[in-house]
Each structure stands twice: as C-alpha cells, then as structure tokens.
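Take a look at the structure set out below.
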Amino acid sequence: MVGSSVVAIVGAGRLGGALMSGLLRAGRTPSEVVAAERDPGRAAEITRRYGVEVVDPAAAAAKAGVVVLATKPQDMGTVLAQLAPHVAPGTLVVSVAAGITSAFVAERLAPGTPVVRVMTNTPLLVGEAMSAVCAGPGAGDEHVAAVEEMLRPVGRVVRVTETQLDAVTALSGSGPAYFFYLIEAMIEGGVLLGLPRALAAELVVQTAAGSARMLRDPGAGDPGDSDGAGGAAGEHPSLLREAVTSPGGTTVAALRQLDRGGVRAAVLDAVEAAWARSRELGAS
C-alpha cells in the first residue's frame, strides 16, 4: 500500500461519519483522517466536532493511503470520476456502498488499484457494527487484513466472498431496521395495554439488549442459576425461545398469534426483497 497513513472518508454522512468517529476513538489523530462532504452544514459540523479537515473528493484522494467510499450508491459513478485521476498507485480503495460491486469501482480506477468491498451497518455509531469484508480486484490478503484492522474498533468483522454480499446486505446491512420496526411495534403494544410510552420503551429496549447478549455471548450468564430465567447464553435461538415458552402460558399464546399472522413468512419475504434490491443496485 501507499506510504500515506491518512484515511480519506468520501461521503461523511451517517455511516461514513460513524466510521470516522470509530477511527478517532481507536487512536488515529484528526490529522490522519480527512473527509470529503458536499453538504456545507455537515462539513462544518465534522470540523467542529472532530477537528478533521474537509476537502473535495479529489483533494481527499490525493492525501490518502486509504480511500473509503461511503457515498450513496447512485452517486458512486460521479464520485469515482472526480477522484480517480488523483488516486496514487498503491492506494487502497474501500467501498461501503450497498450493491456496488468491486468490479464497478475497479473499472473506474487505474489498473491494479486494490479494491476491498465492505458491507457494514448503523450500529457502527455505538461500536457494535457487523461488517463483512471481501477482496476485490487487485486486493490481496494484506489489503483485506488492513481493512479488518480499521473496522474492528467499531464492531465485529467477518470475511465473505463477494457473491455473498447481497445476502449480507439483506441480513445485517438492512437488519437494524427490521429490529427497530419490531421494537417500535412492541412499544406500541405496551401503550395499547395502558403503559406510559417511556416505560414501554425501557422495557422493550432492555429486553432486546439482554436477549441479544444471550445469543451473542456464550457463557455470559450462569447456567447453574435456578431463578426461572431459563436457557444458557449462546444457545440456538429456538432453544432460548423454548426456555421462555411454558406450556399453556402467555408466551405460547403470543407466539401462536404471530404464526397466525404469518410473521415468519413475512420476515423471509422481507429479507429476500432486500437481497433482490441489492442485486438491482449492483446491476444498474
């Protein structure tokens, strides 16, 4: 890779800004990060909040050893045309745009430019992202490893093949919205039953956080506890669900209603729709 230690974030919106914040929290200095952002208000906020210089895409590319493309998919062609002449040989280019293939990016850069494609998600904002990384044209193991190192401070990272990225987009890329949608509905359910909205929100959000930890962190709890919580941390979700579902109880009544409403089938259809849209974006 090129000698510069500067990381350029081209498109410092929600995801790009979260990544920039994560890099700074991980120990990079503001002088080692540069941003390209066309919204003047957002650009001023970045400089005020982070002390990071904001320049145009061409200047950002010229300064950087790593260029992160965090623009909207529909703007990618225009942005690449602006910065391509200024990307120095050996500069690592990282795309986090949904649906945009690494080939699309590589074809618009100098031959041999290493390209790595990433699908991450908005929990980047709280250091809990799920990021999937794959090598594109010109990228070797050392380039992928560099991107993994860059992303670890803001969450978990896995390597995938590019053929898997549309499915990754449908699951973890769009996934936070599915959870927010369900949580919003559960909060409304609490309000329907007479609870104050703030209390309903606290109940639901903490329940979601605790349930996620049981799924993610094996051994986080004490399987020897006999307080009725049921289910050891790290078990399969169906086993954890069964541990909460007492025969003839409230939970089984609720789950029966979810099945009657076709919720499982609707979730499968939603994930498939997101996958199809990701493929459409890549083909356009």
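Ligands are numbered from 1 in the order shown, residues from 1 within each chain, and chains are lettered A, B, ... in the order they appear in the structure tokens.
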Alpha helix (DSSP H) positions in range 75-264 of chain A, given as a tab-separated table (two decimals) with N, CA, C and O atoms, in the first residue's frame:
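Just written: result_39.tsv:
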```tsv
chain	number	residue	atom	x	y	z
A	76	MET	N	-22.08	6.96	-6.90
A	76	MET	CA	-20.75	6.37	-6.94
A	76	MET	C	-20.02	6.65	-8.25
A	76	MET	O	-18.82	6.97	-8.25
A	77	GLY	N	-20.70	6.53	-9.38
A	77	GLY	CA	-20.05	6.76	-10.66
A	77	GLY	C	-19.49	8.17	-10.77
A	77	GLY	O	-18.35	8.38	-11.21
A	78	THR	N	-20.28	9.15	-10.35
A	78	THR	CA	-19.85	10.55	-10.40
A	78	THR	C	-18.66	10.80	-9.49
A	78	THR	O	-17.69	11.47	-9.87
A	79	VAL	N	-18.72	10.27	-8.29
A	79	VAL	CA	-17.64	10.47	-7.32
A	79	VAL	C	-16.35	9.82	-7.81
A	79	VAL	O	-15.26	10.40	-7.72
A	80	LEU	N	-16.44	8.61	-8.35
A	80	LEU	CA	-15.24	7.93	-8.86
A	80	LEU	C	-14.61	8.71	-10.00
A	80	LEU	O	-13.37	8.78	-10.10
A	81	ALA	N	-15.44	9.30	-10.85
A	81	ALA	CA	-14.90	10.10	-11.96
A	81	ALA	C	-14.13	11.31	-11.43
A	81	ALA	O	-13.12	11.72	-12.02
A	82	GLN	N	-14.58	11.87	-10.31
A	82	GLN	CA	-13.90	13.04	-9.73
A	82	GLN	C	-12.56	12.67	-9.09
A	82	GLN	O	-11.58	13.41	-9.22
A	83	LEU	N	-12.52	11.54	-8.40
A	83	LEU	CA	-11.32	11.24	-7.63
A	83	LEU	C	-10.33	10.31	-8.32
A	83	LEU	O	-9.15	10.27	-7.94
A	102	SER	N	-17.27	-4.56	-6.56
A	102	SER	CA	-15.87	-4.13	-6.57
A	102	SER	C	-15.39	-3.93	-8.01
A	102	SER	O	-14.55	-3.08	-8.27
A	103	ALA	N	-15.94	-4.70	-8.94
A	103	ALA	CA	-15.57	-4.54	-10.35
A	103	ALA	C	-15.98	-3.16	-10.86
A	103	ALA	O	-15.25	-2.52	-11.63
A	104	PHE	N	-17.18	-2.70	-10.46
A	104	PHE	CA	-17.65	-1.37	-10.85
A	104	PHE	C	-16.65	-0.31	-10.40
A	104	PHE	O	-16.32	0.61	-11.15
A	105	VAL	N	-16.16	-0.44	-9.17
A	105	VAL	CA	-15.20	0.53	-8.64
A	105	VAL	C	-13.87	0.41	-9.37
A	105	VAL	O	-13.28	1.41	-9.82
A	106	ALA	N	-13.36	-0.82	-9.51
A	106	ALA	CA	-12.04	-1.04	-10.10
A	106	ALA	C	-11.97	-0.56	-11.54
A	106	ALA	O	-10.94	-0.03	-11.98
A	141	ASP	N	-4.38	-10.44	0.51
A	141	ASP	CA	-4.71	-10.68	1.91
A	141	ASP	C	-4.30	-9.52	2.80
A	141	ASP	O	-4.99	-9.18	3.75
A	142	GLU	N	-3.19	-8.87	2.46
A	142	GLU	CA	-2.72	-7.76	3.30
A	142	GLU	C	-3.68	-6.57	3.24
A	142	GLU	O	-3.84	-5.83	4.22
A	143	HIS	N	-4.35	-6.38	2.10
A	143	HIS	CA	-5.30	-5.29	1.98
A	143	HIS	C	-6.56	-5.58	2.79
A	143	HIS	O	-7.08	-4.71	3.49
A	144	VAL	N	-7.04	-6.82	2.70
A	144	VAL	CA	-8.22	-7.20	3.47
A	144	VAL	C	-7.92	-7.10	4.96
A	144	VAL	O	-8.74	-6.62	5.75
A	145	ALA	N	-6.73	-7.56	5.36
A	145	ALA	CA	-6.35	-7.50	6.77
A	145	ALA	C	-6.30	-6.06	7.26
A	145	ALA	O	-6.69	-5.76	8.40
A	146	ALA	N	-5.85	-5.14	6.42
A	146	ALA	CA	-5.78	-3.72	6.80
A	146	ALA	C	-7.18	-3.16	7.02
A	146	ALA	O	-7.41	-2.37	7.95
A	147	VAL	N	-8.12	-3.57	6.18
A	147	VAL	CA	-9.50	-3.10	6.35
A	147	VAL	C	-10.12	-3.71	7.60
A	147	VAL	O	-10.84	-3.03	8.34
A	148	GLU	N	-9.84	-4.97	7.85
A	148	GLU	CA	-10.33	-5.60	9.07
A	148	GLU	C	-9.83	-4.86	10.31
A	148	GLU	O	-10.60	-4.60	11.26
A	149	GLU	N	-8.57	-4.51	10.30
A	149	GLU	CA	-7.99	-3.78	11.43
A	149	GLU	C	-8.65	-2.42	11.60
A	149	GLU	O	-8.89	-1.96	12.73
A	150	MET	N	-8.98	-1.79	10.50
A	150	MET	CA	-9.63	-0.49	10.54
A	150	MET	C	-11.04	-0.57	11.11
A	150	MET	O	-11.51	0.34	11.80
A	151	LEU	N	-11.73	-1.70	10.86
A	151	LEU	CA	-13.12	-1.84	11.25
A	151	LEU	C	-13.32	-2.42	12.65
A	151	LEU	O	-14.38	-2.23	13.26
A	165	LEU	N	-22.34	-11.04	-0.66
A	165	LEU	CA	-22.57	-9.71	-0.09
A	165	LEU	C	-24.00	-9.20	-0.25
A	165	LEU	O	-24.47	-8.43	0.59
A	166	ASP	N	-24.70	-9.62	-1.29
A	166	ASP	CA	-26.10	-9.20	-1.40
A	166	ASP	C	-26.92	-9.81	-0.27
A	166	ASP	O	-27.80	-9.15	0.30
A	167	ALA	N	-26.62	-11.06	0.08
A	167	ALA	CA	-27.31	-11.69	1.21
A	167	ALA	C	-26.91	-11.03	2.52
A	167	ALA	O	-27.74	-10.83	3.41
A	168	VAL	N	-25.62	-10.68	2.66
A	168	VAL	CA	-25.17	-9.97	3.85
A	168	VAL	C	-25.90	-8.63	3.98
A	168	VAL	O	-26.33	-8.25	5.07
A	175	GLY	N	-30.60	-5.17	8.41
A	175	GLY	CA	-31.13	-5.80	9.61
A	175	GLY	C	-31.53	-4.88	10.75
A	175	GLY	O	-32.56	-5.09	11.38
A	176	PRO	N	-30.72	-3.84	11.07
A	176	PRO	CA	-31.14	-2.97	12.18
A	176	PRO	C	-32.54	-2.40	11.99
A	176	PRO	O	-33.29	-2.28	12.97
A	177	ALA	N	-32.93	-2.09	10.76
A	177	ALA	CA	-34.27	-1.55	10.53
A	177	ALA	C	-35.35	-2.57	10.88
A	177	ALA	O	-36.42	-2.19	11.38
A	178	TYR	N	-35.08	-3.85	10.63
A	178	TYR	CA	-36.07	-4.87	10.98
A	178	TYR	C	-36.29	-4.90	12.50
A	178	TYR	O	-37.42	-4.98	12.98
A	179	PHE	N	-35.19	-4.86	13.25
A	179	PHE	CA	-35.31	-4.88	14.71
A	179	PHE	C	-36.00	-3.62	15.22
A	179	PHE	O	-36.85	-3.68	16.12
A	180	PHE	N	-35.64	-2.46	14.66
A	180	PHE	CA	-36.29	-1.22	15.08
A	180	PHE	C	-37.79	-1.27	14.79
A	180	PHE	O	-38.61	-0.79	15.59
A	181	TYR	N	-38.14	-1.85	13.67
A	181	TYR	CA	-39.55	-1.98	13.28
A	181	TYR	C	-40.31	-2.84	14.30
A	181	TYR	O	-41.41	-2.48	14.76
A	182	LEU	N	-39.72	-3.98	14.65
A	182	LEU	CA	-40.35	-4.87	15.62
A	182	LEU	C	-40.44	-4.22	16.99
A	182	LEU	O	-41.46	-4.30	17.68
A	183	ILE	N	-39.34	-3.57	17.41
A	183	ILE	CA	-39.33	-2.92	18.72
A	183	ILE	C	-40.35	-1.79	18.78
A	183	ILE	O	-41.05	-1.61	19.78
A	184	GLU	N	-40.48	-1.05	17.69
A	184	GLU	CA	-41.48	0.01	17.63
A	184	GLU	C	-42.88	-0.57	17.81
A	184	GLU	O	-43.71	-0.02	18.56
A	185	ALA	N	-43.14	-1.70	17.16
A	185	ALA	CA	-44.45	-2.34	17.27
A	185	ALA	C	-44.70	-2.84	18.69
A	185	ALA	O	-45.81	-2.72	19.23
A	186	MET	N	-43.67	-3.39	19.33
A	186	MET	CA	-43.81	-3.87	20.70
A	186	MET	C	-44.09	-2.72	21.67
A	186	MET	O	-44.90	-2.85	22.60
A	187	ILE	N	-43.42	-1.60	21.46
A	187	ILE	CA	-43.67	-0.43	22.30
A	187	ILE	C	-45.12	0.03	22.14
A	187	ILE	O	-45.80	0.35	23.13
A	188	GLU	N	-45.60	0.05	20.91
A	188	GLU	CA	-46.99	0.41	20.67
A	188	GLU	C	-47.93	-0.56	21.37
A	188	GLU	O	-48.99	-0.17	21.88
A	189	GLY	N	-47.54	-1.83	21.42
A	189	GLY	CA	-48.34	-2.81	22.13
A	189	GLY	C	-48.43	-2.48	23.61
A	189	GLY	O	-49.49	-2.62	24.24
A	190	GLY	N	-47.31	-2.06	24.19
A	190	GLY	CA	-47.32	-1.66	25.59
A	190	GLY	C	-48.22	-0.47	25.84
A	190	GLY	O	-48.97	-0.43	26.83
A	191	VAL	N	-48.18	0.50	24.93
A	191	VAL	CA	-49.05	1.68	25.05
A	191	VAL	C	-50.51	1.27	24.94
A	191	VAL	O	-51.38	1.75	25.68
A	192	LEU	N	-50.80	0.35	24.03
A	192	LEU	CA	-52.17	-0.16	23.85
A	192	LEU	C	-52.69	-0.77	25.15
A	192	LEU	O	-53.88	-0.64	25.48
A	197	ARG	N	-45.56	5.51	27.47
A	197	ARG	CA	-44.66	5.19	26.35
A	197	ARG	C	-43.21	5.05	26.80
A	197	ARG	O	-42.50	4.14	26.35
A	198	ALA	N	-42.75	5.91	27.69
A	198	ALA	CA	-41.36	5.83	28.14
A	198	ALA	C	-41.09	4.52	28.87
A	198	ALA	O	-40.03	3.91	28.70
A	199	LEU	N	-42.02	4.09	29.68
A	199	LEU	CA	-41.85	2.82	30.40
A	199	LEU	C	-41.87	1.66	29.42
A	199	LEU	O	-41.04	0.75	29.51
A	200	ALA	N	-42.80	1.68	28.47
A	200	ALA	CA	-42.86	0.61	27.47
A	200	ALA	C	-41.57	0.52	26.68
A	200	ALA	O	-41.04	-0.56	26.43
A	201	ALA	N	-41.03	1.69	26.32
A	201	ALA	CA	-39.77	1.71	25.57
A	201	ALA	C	-38.63	1.13	26.39
A	201	ALA	O	-37.83	0.33	25.89
A	202	GLU	N	-38.55	1.50	27.66
A	202	GLU	CA	-37.48	0.98	28.51
A	202	GLU	C	-37.58	-0.54	28.65
A	202	GLU	O	-36.57	-1.26	28.57
A	203	LEU	N	-38.78	-1.04	28.86
A	203	LEU	CA	-38.99	-2.48	28.99
A	203	LEU	C	-38.56	-3.23	27.74
A	203	LEU	O	-37.87	-4.25	27.79
A	204	VAL	N	-38.97	-2.72	26.59
A	204	VAL	CA	-38.71	-3.42	25.33
A	204	VAL	C	-37.24	-3.33	24.94
A	204	VAL	O	-36.63	-4.33	24.53
A	205	VAL	N	-36.65	-2.15	25.06
A	205	VAL	CA	-35.26	-1.98	24.63
A	205	VAL	C	-34.32	-2.82	25.48
A	205	VAL	O	-33.41	-3.49	24.97
A	206	GLN	N	-34.52	-2.82	26.80
A	206	GLN	CA	-33.64	-3.64	27.65
A	206	GLN	C	-33.87	-5.12	27.40
A	206	GLN	O	-32.92	-5.92	27.42
A	207	THR	N	-35.10	-5.51	27.13
A	207	THR	CA	-35.36	-6.91	26.80
A	207	THR	C	-34.65	-7.31	25.52
A	207	THR	O	-34.06	-8.40	25.43
A	208	ALA	N	-34.65	-6.41	24.54
A	208	ALA	CA	-33.95	-6.69	23.28
A	208	ALA	C	-32.45	-6.79	23.51
A	208	ALA	O	-31.78	-7.69	22.98
A	209	ALA	N	-31.90	-5.86	24.31
A	209	ALA	CA	-30.46	-5.87	24.57
A	209	ALA	C	-30.04	-7.14	25.30
A	209	ALA	O	-29.03	-7.77	24.97
A	210	GLY	N	-30.80	-7.52	26.31
A	210	GLY	CA	-30.47	-8.73	27.06
A	210	GLY	C	-30.60	-9.98	26.22
A	210	GLY	O	-29.76	-10.89	26.29
A	211	SER	N	-31.64	-10.03	25.39
A	211	SER	CA	-31.83	-11.20	24.52
A	211	SER	C	-30.70	-11.31	23.50
A	211	SER	O	-30.20	-12.41	23.23
A	212	ALA	N	-30.26	-10.17	22.96
A	212	ALA	CA	-29.15	-10.19	22.00
A	212	ALA	C	-27.87	-10.68	22.66
A	212	ALA	O	-27.09	-11.44	22.07
A	213	ARG	N	-27.65	-10.28	23.91
A	213	ARG	CA	-26.44	-10.73	24.59
A	213	ARG	C	-26.47	-12.24	24.83
A	213	ARG	O	-25.44	-12.92	24.73
A	214	MET	N	-27.63	-12.78	25.15
A	214	MET	CA	-27.73	-14.23	25.34
A	214	MET	C	-27.39	-14.98	24.06
A	214	MET	O	-26.78	-16.04	24.09
A	215	LEU	N	-27.78	-14.41	22.94
A	215	LEU	CA	-27.48	-15.03	21.65
A	215	LEU	C	-26.01	-14.91	21.28
A	215	LEU	O	-25.42	-15.83	20.72
A	216	ARG	N	-25.40	-13.77	21.61
A	216	ARG	CA	-24.07	-13.47	21.11
A	216	ARG	C	-22.95	-13.98	22.01
A	216	ARG	O	-21.89	-14.37	21.51
A	237	PRO	N	-31.21	-19.93	18.95
A	237	PRO	CA	-32.39	-19.12	19.27
A	237	PRO	C	-33.66	-19.93	19.53
A	237	PRO	O	-34.48	-19.55	20.37
A	238	SER	N	-33.82	-21.05	18.84
A	238	SER	CA	-35.02	-21.85	19.09
A	238	SER	C	-35.02	-22.43	20.50
A	238	SER	O	-36.08	-22.52	21.15
A	239	LEU	N	-33.84	-22.80	21.02
A	239	LEU	CA	-33.76	-23.32	22.38
A	239	LEU	C	-34.02	-22.22	23.40
A	239	LEU	O	-34.69	-22.44	24.42
A	240	LEU	N	-33.49	-21.03	23.15
A	240	LEU	CA	-33.75	-19.90	24.04
A	240	LEU	C	-35.23	-19.53	24.04
A	240	LEU	O	-35.80	-19.21	25.08
A	241	ARG	N	-35.84	-19.59	22.86
A	241	ARG	CA	-37.28	-19.30	22.79
A	241	ARG	C	-38.08	-20.34	23.57
A	241	ARG	O	-39.01	-20.01	24.32
A	242	GLU	N	-37.70	-21.62	23.40
A	242	GLU	CA	-38.42	-22.68	24.11
A	242	GLU	C	-38.30	-22.53	25.62
A	242	GLU	O	-39.22	-22.86	26.37
A	243	ALA	N	-37.15	-22.01	26.08
A	243	ALA	CA	-36.94	-21.85	27.51
A	243	ALA	C	-37.88	-20.82	28.12
A	243	ALA	O	-38.17	-20.85	29.31
A	244	VAL	N	-38.35	-19.87	27.29
A	244	VAL	CA	-39.28	-18.85	27.77
A	244	VAL	C	-40.73	-19.30	27.63
A	244	VAL	O	-41.63	-18.73	28.22
A	250	THR	N	-48.40	-17.49	28.74
A	250	THR	CA	-48.63	-16.27	27.97
A	250	THR	C	-47.81	-16.24	26.69
A	250	THR	O	-48.28	-15.78	25.64
A	251	THR	N	-46.56	-16.74	26.77
A	251	THR	CA	-45.67	-16.64	25.62
A	251	THR	C	-46.15	-17.51	24.48
A	251	THR	O	-46.13	-17.10	23.31
A	252	VAL	N	-46.59	-18.73	24.78
A	252	VAL	CA	-47.05	-19.62	23.72
A	252	VAL	C	-48.31	-19.06	23.06
A	252	VAL	O	-48.51	-19.22	21.84
A	253	ALA	N	-49.14	-18.35	23.84
A	253	ALA	CA	-50.32	-17.72	23.25
A	253	ALA	C	-49.91	-16.63	22.28
A	253	ALA	O	-50.48	-16.48	21.19
A	254	ALA	N	-48.88	-15.85	22.67
A	254	ALA	CA	-48.41	-14.78	21.79
A	254	ALA	C	-47.77	-15.34	20.52
A	254	ALA	O	-48.01	-14.85	19.41
A	255	LEU	N	-46.94	-16.38	20.67
A	255	LEU	CA	-46.28	-16.97	19.52
A	255	LEU	C	-47.28	-17.58	18.55
A	255	LEU	O	-47.09	-17.52	17.32
A	256	ARG	N	-48.34	-18.17	19.09
A	256	ARG	CA	-49.38	-18.72	18.23
A	256	ARG	C	-50.00	-17.63	17.37
A	256	ARG	O	-50.26	-17.81	16.18
A	257	GLN	N	-50.20	-16.46	17.98
A	257	GLN	CA	-50.79	-15.35	17.22
A	257	GLN	C	-49.82	-14.85	16.15
A	257	GLN	O	-50.24	-14.50	15.04
A	258	LEU	N	-48.53	-14.81	16.46
A	258	LEU	CA	-47.54	-14.42	15.45
A	258	LEU	C	-47.55	-15.38	14.28
A	258	LEU	O	-47.45	-14.96	13.11
A	259	ASP	N	-47.67	-16.67	14.56
A	259	ASP	CA	-47.74	-17.65	13.48
A	259	ASP	C	-49.00	-17.47	12.65
A	259	ASP	O	-48.98	-17.60	11.42
A	260	ARG	N	-50.12	-17.20	13.32
A	260	ARG	CA	-51.37	-16.95	12.59
A	260	ARG	C	-51.23	-15.74	11.68
A	260	ARG	O	-51.82	-15.69	10.59
A	263	VAL	N	-45.96	-14.02	10.50
A	263	VAL	CA	-44.80	-13.16	10.74
A	263	VAL	C	-43.52	-13.79	10.22
A	263	VAL	O	-42.69	-13.12	9.59
A	264	ARG	N	-43.32	-15.07	10.45
A	264	ARG	CA	-42.10	-15.73	9.98
A	264	ARG	C	-41.98	-15.64	8.46
A	264	ARG	O	-40.92	-15.31	7.92
```
- [ ] Would you kindly return, as a ChimeraX atom specification, each protein, DNA or RNA residue with an atom no farther than 10 Å from any atom of range 25-37 of chain A, considering only C-alpha atoms and excluding same-chain residues fewer than 2 positions away?
- [x] /A:4-13,16-17,19-23,39-44,46-47,50-61,63-71,127,150-154
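Scanning range 145-191 of chain A with DSSP on the backbone, the strand (DSSP E) assignments fall on Gly155, Arg156, Val157, Val158 and Arg159 of chain A.
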Open item on the list: I'd like the interatomic distance between CA of Gly112 in chain A and CA of Gly99 in chain A, to a tenth of an Å.
Closed with: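 These two atoms are separated by 21.8 Å.
Rounded to one decimal, CA of Gly136 in chain A and CA of Ala98 in chain A lie 14.6 Å from each other.
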- [ ] Rank A:Ala62, A:Ala273, A:Leu15, A:Leu281 by their smallest atom-to-atom distance to Ala170 in chain A, using only C-alpha atoms, and report the top residue only.
- [x] A:Ala273
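When only C-alpha atoms are used to measure the gap to Ala283 in chain A, the shortest distance among A:Thr122, A:Thr101, A:Ser174, A:Ser131 belongs to A:Thr101.
Here CA of Thr169 in chain A stands at a distance of 16.3 Å from CA of Glu128 in chain A.
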